[in-house]
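Coordinates from query.cif are shown below (mmCIF, C-alpha atoms).
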data_upload
#
loop_
_atom_site.group_PDB
_atom_site.id
_atom_site.type_symbol
_atom_site.label_atom_id
_atom_site.label_comp_id
_atom_site.auth_asym_id
_atom_site.auth_seq_id
_atom_site.Cartn_x
_atom_site.Cartn_y
_atom_site.Cartn_z
ATOM 1 C CA MET A 1 3.849 12.480 -0.402
ATOM 2 C CA MET A 2 6.950 10.359 -0.803
ATOM 3 C CA TRP A 3 6.571 6.956 -2.436
ATOM 4 C CA GLN A 4 7.935 5.316 0.720
ATOM 5 C CA THR A 5 5.125 6.888 2.747
ATOM 6 C CA HIS A 6 2.480 5.649 0.331
ATOM 7 C CA ALA A 7 3.946 2.130 0.283
ATOM 8 C CA ILE A 8 4.286 1.742 4.062
ATOM 9 C CA VAL A 9 0.885 3.244 4.852
ATOM 10 C CA GLY A 10 -0.685 1.079 2.123
ATOM 11 C CA ALA A 11 1.011 -1.987 3.588
ATOM 12 C CA ASN A 12 -1.079 -1.490 6.715
ATOM 13 C CA ALA A 13 -3.955 -2.922 4.674
ATOM 14 C CA ALA A 14 -2.551 -6.278 5.820
ATOM 15 C CA TRP A 15 -4.300 -5.683 9.157
ATOM 16 C CA ILE A 16 -7.334 -7.042 7.314
ATOM 17 C CA ALA A 17 -5.727 -10.474 7.717
ATOM 18 C CA VAL A 18 -5.900 -10.115 11.484
ATOM 19 C CA VAL A 19 -9.506 -8.921 11.357
ATOM 20 C CA PHE A 20 -10.517 -11.994 9.362
ATOM 21 C CA SER A 21 -8.164 -14.358 11.234
ATOM 22 C CA ASP A 22 -6.160 -15.310 8.166
ATOM 23 C CA THR A 23 -2.703 -14.608 9.503
ATOM 24 C CA GLN A 24 -0.971 -16.973 7.068
ATOM 25 C CA ALA A 25 -1.692 -14.523 4.235
ATOM 26 C CA VAL A 26 -0.258 -11.466 5.952
ATOM 27 C CA LEU A 27 2.894 -11.209 3.821
ATOM 28 C CA LEU A 28 0.892 -11.444 0.594
ATOM 29 C CA LEU A 29 -1.492 -8.791 1.887
ATOM 30 C CA LEU A 30 1.412 -6.550 3.007
ATOM 31 C CA ILE A 31 2.783 -6.613 -0.532
ATOM 32 C CA ALA A 32 -0.650 -6.072 -2.099
ATOM 33 C CA GLY A 33 -1.364 -3.124 0.203
ATOM 34 C CA ALA A 34 2.039 -1.553 -0.444
ATOM 35 C CA PHE A 35 1.596 -1.956 -4.204
ATOM 36 C CA GLY A 36 -1.926 -0.539 -3.942
ATOM 37 C CA GLY A 37 -0.476 2.429 -2.066
ATOM 38 C CA LEU A 38 1.803 3.180 -5.024
ATOM 39 C CA LEU A 39 -0.659 2.487 -7.835
ATOM 40 C CA PRO A 40 -2.566 5.825 -7.922
ATOM 41 C CA ASP A 41 0.612 7.560 -9.127
ATOM 42 C CA ILE A 42 0.428 5.522 -12.327
ATOM 43 C CA ASP A 43 -0.168 8.786 -14.217
ATOM 44 C CA ALA A 44 2.983 10.475 -12.843
ATOM 45 C CA SER A 45 6.012 10.124 -15.082
ATOM 46 C CA ALA A 46 8.591 9.535 -12.334
ATOM 47 C CA ALA A 47 6.487 7.306 -10.055
ATOM 48 C CA LYS A 48 8.041 4.192 -8.486
ATOM 49 C CA VAL A 49 5.132 2.103 -9.741
ATOM 50 C CA HIS A 50 6.622 2.392 -13.246
ATOM 51 C CA PHE A 51 9.887 0.947 -11.973
ATOM 52 C CA LEU A 52 8.080 -1.900 -10.195
ATOM 53 C CA GLY A 53 5.921 -2.603 -13.241
ATOM 54 C CA ARG A 54 8.982 -2.592 -15.503
ATOM 55 C CA GLY A 55 7.358 -0.138 -17.892
ATOM 56 C CA ILE A 56 4.004 -1.854 -18.435
ATOM 57 C CA PHE A 57 2.178 1.065 -16.820
ATOM 58 C CA GLY A 58 3.746 3.589 -19.199
ATOM 59 C CA ILE A 59 0.556 3.768 -21.236
ATOM 60 C CA PHE A 60 -1.104 5.653 -18.364
ATOM 61 C CA ARG A 61 1.457 8.465 -18.240
ATOM 62 C CA GLY A 62 -0.089 11.769 -19.174
ATOM 63 C CA VAL A 63 -3.542 10.341 -19.938
ATOM 64 C CA PHE A 64 -5.067 12.202 -16.982
ATOM 65 C CA GLN A 65 -3.923 15.088 -14.833
ATOM 66 C CA HIS A 66 -1.908 13.876 -11.829
ATOM 67 C CA ARG A 67 -4.045 13.573 -8.692
ATOM 68 C CA GLY A 68 -7.083 13.458 -10.937
ATOM 69 C CA PHE A 69 -8.805 10.289 -12.138
ATOM 70 C CA PHE A 70 -6.425 7.801 -10.512
ATOM 71 C CA HIS A 71 -6.904 9.538 -7.132
ATOM 72 C CA SER A 72 -10.710 9.442 -7.377
ATOM 73 C CA LEU A 73 -13.473 7.348 -5.866
ATOM 74 C CA LEU A 74 -14.329 6.284 -9.411
ATOM 75 C CA ALA A 75 -10.853 4.755 -9.915
ATOM 76 C CA ILE A 76 -11.013 3.107 -6.483
ATOM 77 C CA SER A 77 -14.367 1.533 -7.377
ATOM 78 C CA ILE A 78 -13.098 0.287 -10.741
ATOM 79 C CA LEU A 79 -9.961 -1.170 -9.129
ATOM 80 C CA PHE A 80 -12.038 -2.997 -6.532
ATOM 81 C CA ILE A 81 -14.416 -4.498 -9.107
ATOM 82 C CA VAL A 82 -11.580 -5.583 -11.420
ATOM 83 C CA SER A 83 -9.533 -7.017 -8.551
ATOM 84 C CA VAL A 84 -12.521 -8.961 -7.194
ATOM 85 C CA VAL A 85 -13.028 -10.491 -10.636
ATOM 86 C CA PHE A 86 -9.359 -11.365 -11.230
ATOM 87 C CA LEU A 87 -7.710 -11.743 -7.804
ATOM 88 C CA THR A 88 -10.268 -13.428 -5.548
ATOM 89 C CA GLU A 89 -9.304 -16.861 -6.851
ATOM 90 C CA TYR A 90 -5.755 -16.345 -5.530
ATOM 91 C CA HIS A 91 -6.903 -15.197 -2.098
ATOM 92 C CA PRO A 92 -10.299 -13.835 -1.024
ATOM 93 C CA LEU A 93 -8.747 -10.923 0.920
ATOM 94 C CA LEU A 94 -6.380 -9.881 -1.878
ATOM 95 C CA PRO A 95 -8.823 -7.454 -3.602
ATOM 96 C CA PHE A 96 -9.562 -5.839 -0.241
ATOM 97 C CA ALA A 97 -5.887 -5.355 0.694
ATOM 98 C CA LEU A 98 -5.068 -3.946 -2.751
ATOM 99 C CA THR A 99 -8.037 -1.571 -2.648
ATOM 100 C CA ILE A 100 -7.434 -0.434 0.936
ATOM 101 C CA GLY A 101 -3.794 0.243 0.066
ATOM 102 C CA TYR A 102 -4.952 2.142 -3.027
ATOM 103 C CA LEU A 103 -7.482 4.125 -0.994
ATOM 104 C CA SER A 104 -4.808 5.155 1.499
ATOM 105 C CA HIS A 105 -2.948 7.032 -1.257
ATOM 106 C CA PRO A 106 -5.548 9.697 -2.119
ATOM 107 C CA ILE A 107 -6.383 10.066 1.572
ATOM 108 C CA ILE A 108 -2.769 10.871 2.411
ATOM 109 C CA ASP A 109 -2.427 13.119 -0.643
ATOM 110 C CA SER A 110 -5.491 15.055 0.518
ATOM 111 C CA PHE A 111 -3.402 16.122 3.537
ATOM 112 C CA ASN A 112 -1.134 17.940 1.076
ATOM 113 C CA HIS A 113 -1.445 21.541 -0.096
ATOM 114 C CA ARG A 114 -2.464 20.426 -3.607
ATOM 115 C CA GLY A 115 -5.338 18.161 -2.612
ATOM 116 C CA VAL A 116 -6.916 15.532 -4.863
ATOM 117 C CA LEU A 117 -9.833 15.337 -7.298
ATOM 118 C CA LEU A 118 -11.614 12.703 -5.215
ATOM 119 C CA PHE A 119 -14.913 13.245 -7.059
ATOM 120 C CA PHE A 120 -13.438 13.215 -10.580
ATOM 121 C CA PRO A 121 -14.656 14.310 -13.156
ATOM 122 C CA LEU A 122 -15.756 17.177 -10.914
ATOM 123 C CA GLN A 123 -12.834 19.574 -10.580
ATOM 124 C CA TRP A 124 -13.038 19.998 -6.805
ATOM 125 C CA ASP A 125 -9.701 19.903 -4.974
ATOM 126 C CA ILE A 126 -10.425 17.953 -1.803
ATOM 127 C CA HIS A 127 -8.367 18.608 1.329
ATOM 128 C CA LEU A 128 -9.023 16.590 4.481
ATOM 129 C CA LEU A 129 -7.015 18.914 6.716
ATOM 130 C CA PRO A 130 -7.409 22.630 7.368
ATOM 131 C CA HIS A 131 -4.915 24.827 5.530
ATOM 132 C CA ALA A 132 -2.700 25.349 8.585
ATOM 133 C CA LEU A 133 -2.198 21.576 9.060
ATOM 134 C CA ARG A 134 -1.494 20.612 5.452
ATOM 135 C CA THR A 135 1.953 19.295 4.703
ATOM 136 C CA GLN A 136 4.342 19.343 1.785
ATOM 137 C CA VAL A 137 5.989 16.432 0.038
ATOM 138 C CA LYS A 138 9.029 15.550 2.160
ATOM 139 C CA GLY A 139 7.689 17.863 4.851
ATOM 140 C CA LYS A 140 7.387 17.035 8.534
ATOM 141 C CA GLY A 141 3.917 15.597 8.064
ATOM 142 C CA ASP A 142 5.111 13.312 5.277
ATOM 143 C CA TYR A 143 7.802 11.881 7.548
ATOM 144 C CA LEU A 144 5.297 11.601 10.405
ATOM 145 C CA TYR A 145 2.905 9.551 8.235
ATOM 146 C CA PHE A 146 5.816 7.327 7.200
ATOM 147 C CA ILE A 147 6.794 6.731 10.837
ATOM 148 C CA LEU A 148 3.185 5.980 11.810
ATOM 149 C CA GLY A 149 2.808 3.596 8.863
ATOM 150 C CA PHE A 150 6.080 1.869 9.708
ATOM 151 C CA ALA A 151 5.003 1.542 13.344
ATOM 152 C CA GLY A 152 1.708 -0.008 12.228
ATOM 153 C CA VAL A 153 3.466 -2.639 10.121
ATOM 154 C CA MET A 154 5.976 -3.404 12.881
ATOM 155 C CA ILE A 155 3.199 -3.786 15.466
ATOM 156 C CA LEU A 156 1.352 -6.119 13.109
ATOM 157 C CA LEU A 157 4.428 -8.266 12.465
ATOM 158 C CA PHE A 158 5.377 -8.319 16.159
ATOM 159 C CA GLN A 159 1.848 -9.380 17.135
ATOM 160 C CA LEU A 160 1.874 -12.170 14.586
ATOM 161 C CA TYR A 161 5.369 -13.297 15.589
ATOM 162 C CA SER A 162 4.454 -13.304 19.288
ATOM 163 C CA HIS A 163 1.479 -15.539 18.503
ATOM 164 C CA GLY A 164 3.693 -18.024 16.630
ATOM 165 C CA VAL A 165 2.558 -17.200 13.110
ATOM 166 C CA PHE A 166 6.117 -16.903 11.830
ATOM 167 C CA ASP A 167 8.529 -19.733 12.549
ATOM 168 C CA ILE A 168 11.740 -17.718 12.548
ATOM 169 C CA PRO A 169 14.951 -19.293 13.880
ATOM 170 C CA VAL A 170 16.409 -17.199 16.696
ATOM 171 C CA SER A 171 20.043 -18.168 16.188
ATOM 172 C CA TYR A 172 22.413 -19.249 13.467
ATOM 173 C CA ASN A 173 22.361 -22.720 15.034
ATOM 174 C CA GLY A 174 18.588 -22.747 14.725
ATOM 175 C CA LEU A 175 18.850 -21.635 11.103
ATOM 176 C CA TYR A 176 21.450 -24.320 10.377
ATOM 177 C CA ASN A 177 19.302 -26.991 12.031
ATOM 178 C CA ALA A 178 16.205 -25.848 10.131
ATOM 179 C CA LEU A 179 18.061 -25.951 6.815
ATOM 180 C CA ASP A 180 19.652 -29.282 7.697
ATOM 181 C CA LYS A 181 16.254 -30.839 8.464
ATOM 182 C CA THR A 182 14.703 -29.651 5.213
ATOM 183 C CA ARG A 183 17.690 -30.771 3.181
ATOM 184 C CA PHE A 184 17.731 -34.345 4.452
ATOM 185 C CA SER A 185 14.061 -35.030 5.116
ATOM 186 C CA ALA A 186 12.595 -37.099 2.319
#

Conversion result in structure tokens:
Amino acid sequence: MMWQTHAIVGANAAWIAVVFSDTQAVLLLLIAGAFGGLLPDIDASAAKVHFLGRGIFGIFRGVFQHRGFFHSLLAISILFIVSVVFLTEYHPLLPFALTIGYLSHPIIDSFNHRGVLLFFPLQWDIHLLPHALRTQVKGKGDYLYFILGFAGVMILLFQLYSHGVFDIPVSYNGLYNALDKTRFSA
């Protein structure tokens, strides 16, 4: 699937903030989920995650077959354990958002004709849709998943905004007044 699809569907991991009533962390969790949605392509040479990581992930290129280890339950488990150890201190939901975003990637890729090696090292191509419903990269299904993911994020943000989580000025006057107050309050 397209990187945009993986990022936007992964970003829906931020719904975990609503489930656990921690709406102040939603933007952090959106970013973590989107990044998690891109991370399984770390073994693909042209993946966007290499651009975002500024080359630090280059060591993973070509180590495993694409849609192999990094698309497996084993990799998901390792990511979760490592992120719990290193990320929980920043925010307790961060490992969950990152892992849910990561998990969304192999699920979506299993809707593709190629499938994924979900049970790596076993060489079983896993497909979660029957052959007739599988989609191609940049196919209609890919765009449909993107639209559904985008809708999920927009619904989340709208719900949070309507409940006053985000204090967003509604006019340029409001923005000017907000900036003016922060500039001269001390």

Quiz prompt | Expansion of the PyMOL selection byres ((chain A and resi 146) around 12) into residues, as a count of residues only | solution = 29

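Taking atom CA of Pro121 of chain A and atom CA of Leu94 of chain A as the two end points, the separation is 27.9 Å.
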
Take the PyMOL selection byres ((chain A and resi 16) around 9), run it mentally on this structure, and tell me the resulting residues as a PDB file with C-alpha atoms, in the coordinates of the input.
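The result, written out as out_0.pdb:
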ATOM      1  CA  ASN A  12      -1.079  -1.490   6.715  1.00  0.00           C
ATOM      2  CA  ALA A  13      -3.955  -2.922   4.674  1.00  0.00           C
ATOM      3  CA  ALA A  14      -2.551  -6.278   5.820  1.00  0.00           C
ATOM      4  CA  TRP A  15      -4.300  -5.683   9.157  1.00  0.00           C
ATOM      5  CA  ALA A  17      -5.727 -10.474   7.717  1.00  0.00           C
ATOM      6  CA  VAL A  18      -5.900 -10.115  11.484  1.00  0.00           C
ATOM      7  CA  VAL A  19      -9.506  -8.921  11.357  1.00  0.00           C
ATOM      8  CA  PHE A  20     -10.517 -11.994   9.362  1.00  0.00           C
ATOM      9  CA  SER A  21      -8.164 -14.358  11.234  1.00  0.00           C
ATOM     10  CA  ASP A  22      -6.160 -15.310   8.166  1.00  0.00           C
ATOM     11  CA  VAL A  26      -0.258 -11.466   5.952  1.00  0.00           C
ATOM     12  CA  LEU A  29      -1.492  -8.791   1.887  1.00  0.00           C
ATOM     13  CA  LEU A  93      -8.747 -10.923   0.920  1.00  0.00           C
ATOM     14  CA  PHE A  96      -9.562  -5.839  -0.241  1.00  0.00           C
ATOM     15  CA  ALA A  97      -5.887  -5.355   0.694  1.00  0.00           C
TER      16      ALA A  97
END

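Atom pair atom CA of Ser77 of chain A / atom CA of His91 of chain A has a distance of 19.1 Å (rounded to one decimal).
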
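Taking atom CA of His127 of chain A and atom CA of Pro106 of chain A as the two end points, the separation is 10.0 Å.
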
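Nearest to Ile107 of chain A of all the residues A:Pro92, A:Ile78, A:Gln136, A:Gly37 is A:Gly37, based on only C-alpha atoms.
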
Exercise. Considering all atoms listed in the file, return as an MDAnalysis selection string whatever protein or nucleic-acid residues lie within 9 Å of Ser72 of chain A, sequence-local ones (same chain, fewer than 4 positions apart) excluded.
Key: chainID A and resid 40 67:68 76:77 103 106 116:121

Quiz item: Pick the closest to Ala34 of chain A from A:Leu98, A:Val82, A:Leu87, A:Leu73: which is it, counting only C-alpha atoms?
Solution: A:Leu98

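If you measure from each of A:Ala46, A:Leu74, A:Leu39, A:Ala32 to Leu122 of chain A using only C-alpha atoms, the closest one turns out to be A:Leu74.
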